[in-house]
Amino acid sequence: MAAKGTPLQTPTEWMMITNRQFRDYAVLEWDGSTTSIATTASATSAARTLSPASIFKKGIKRDPTLFPVLKRELNFDSWKRSIVTQAKAQGVYEPLDPNYRPTTAEDKELFTEQQIYLTAVFEKTIKTSMGQTL
């Protein structure tokens with residue numbers, strides 16, 4: 001291992017660092033100056049607020065392939081449970097909740113985006129003859 005204060009040169013030297021050595025280094029090297037950068041960044045982002053719909057569009061990557069495919073009406077109950085679970089995990093459950101009513105303009109905009117996404121999901125996942133007519 002390199003002497004204290006000497007930069008590490010090889011991958012082997014880097015791999016020999018223990019967690020404790022790294023934490024000790026990080027604490028000793030940090031001078032607190034990054035707080036001004038974080039404060040500036042948070043002030044900038046606060047000035048530019050995004051709507052819930054914008055956050056939804058730019059948020060986590062939603063994966064429609066994780067939703068189960070319904071091929072037979074006989075499997076509807078288990079398919080519905082899986083759809084609800086996956087919708088909650090991907091943050092698009094509200095259109096499936098019969099009691100949910102968006103109240104603000106922002107909520108309505110977000111709700112519309114969620115509906116668009118779920119409609120595309122259902123188009124790909126509902127393969128029953130009855131479902132294809134919807």
# chains A, B, ... in the order shown; residues from 1 in each chain; ligands from 1
$ residues_around --residues "range 67-73 of chain A" --least-positions-apart "5" --cutoff "8 Å" --atoms "only C-alpha atoms" --output "JSON, numbers by chain"
{"A": [79, 82, 83, 86, 121, 124, 125, 126, 127, 128]}
$ write_last_selection --atoms "N, CA and C atoms" --output "tab-separated table (two decimals), in the first residue's frame"
chain	number	residue	atom	x	y	z
A	79	TRP	N	-54.53	-11.96	-12.24
A	79	TRP	CA	-53.96	-10.91	-13.09
A	79	TRP	C	-54.23	-9.54	-12.49
A	82	SER	N	-51.99	-8.79	-9.57
A	82	SER	CA	-50.63	-8.47	-10.03
A	82	SER	C	-50.57	-7.08	-10.67
A	83	ILE	N	-51.60	-6.72	-11.41
A	83	ILE	CA	-51.65	-5.40	-12.04
A	83	ILE	C	-51.65	-4.30	-10.96
A	86	GLN	N	-48.20	-4.10	-9.27
A	86	GLN	CA	-47.21	-3.50	-10.15
A	86	GLN	C	-47.49	-2.01	-10.37
A	121	VAL	N	-50.15	0.11	-21.39
A	121	VAL	CA	-49.85	-1.16	-20.73
A	121	VAL	C	-50.95	-2.17	-21.03
A	124	LYS	N	-50.99	-3.77	-24.42
A	124	LYS	CA	-49.98	-4.81	-24.60
A	124	LYS	C	-50.24	-6.06	-23.77
A	125	THR	N	-50.96	-5.92	-22.65
A	125	THR	CA	-51.08	-7.06	-21.73
A	125	THR	C	-52.41	-7.78	-21.77
A	126	ILE	N	-53.46	-7.16	-22.25
A	126	ILE	CA	-54.75	-7.83	-22.27
A	126	ILE	C	-54.92	-8.50	-23.64
A	127	LYS	N	-54.82	-9.82	-23.63
A	127	LYS	CA	-54.85	-10.59	-24.88
A	127	LYS	C	-56.09	-11.48	-25.00
A	128	THR	N	-57.09	-11.28	-24.17
A	128	THR	CA	-58.30	-12.07	-24.27
A	128	THR	C	-59.18	-11.52	-25.38
$ residues_around --residues "range 46-62 of chain A" --least-positions-apart "5" --cutoff "9 Å" --atoms "only C-alpha atoms" --output "PyMOL selection string"
chain A and resi 41+90-91+106-114
$ atom_distance --atom1 "CA of Thr18 in chain A" --atom2 "CA of Thr6 in chain A"
16.3 Å
$ closest_residue --among "A:Pro64, A:Thr10, A:Met16, A:Gln115" --to "Tyr93 in chain A" --atoms "only C-alpha atoms"
A:Gln115
$ atom_distance --atom1 "CA of Tyr117 in chain A" --atom2 "CA of Ala105 in chain A"
18.7 Å
$ closest_residue --among "A:Thr65, A:Asn75, A:Ser129, A:Thr119" --to "Leu96 in chain A" --atoms "only C-alpha atoms"
A:Thr119
$ closest_residue --among "A:Thr104, A:Leu118, A:Phe76, A:Thr12" --to "Lys88 in chain A" --atoms "only C-alpha atoms"
A:Leu118
$ atom_distance --atom1 "CA of Ala87 in chain A" --atom2 "CA of Asp63 in chain A"
10.2 Å
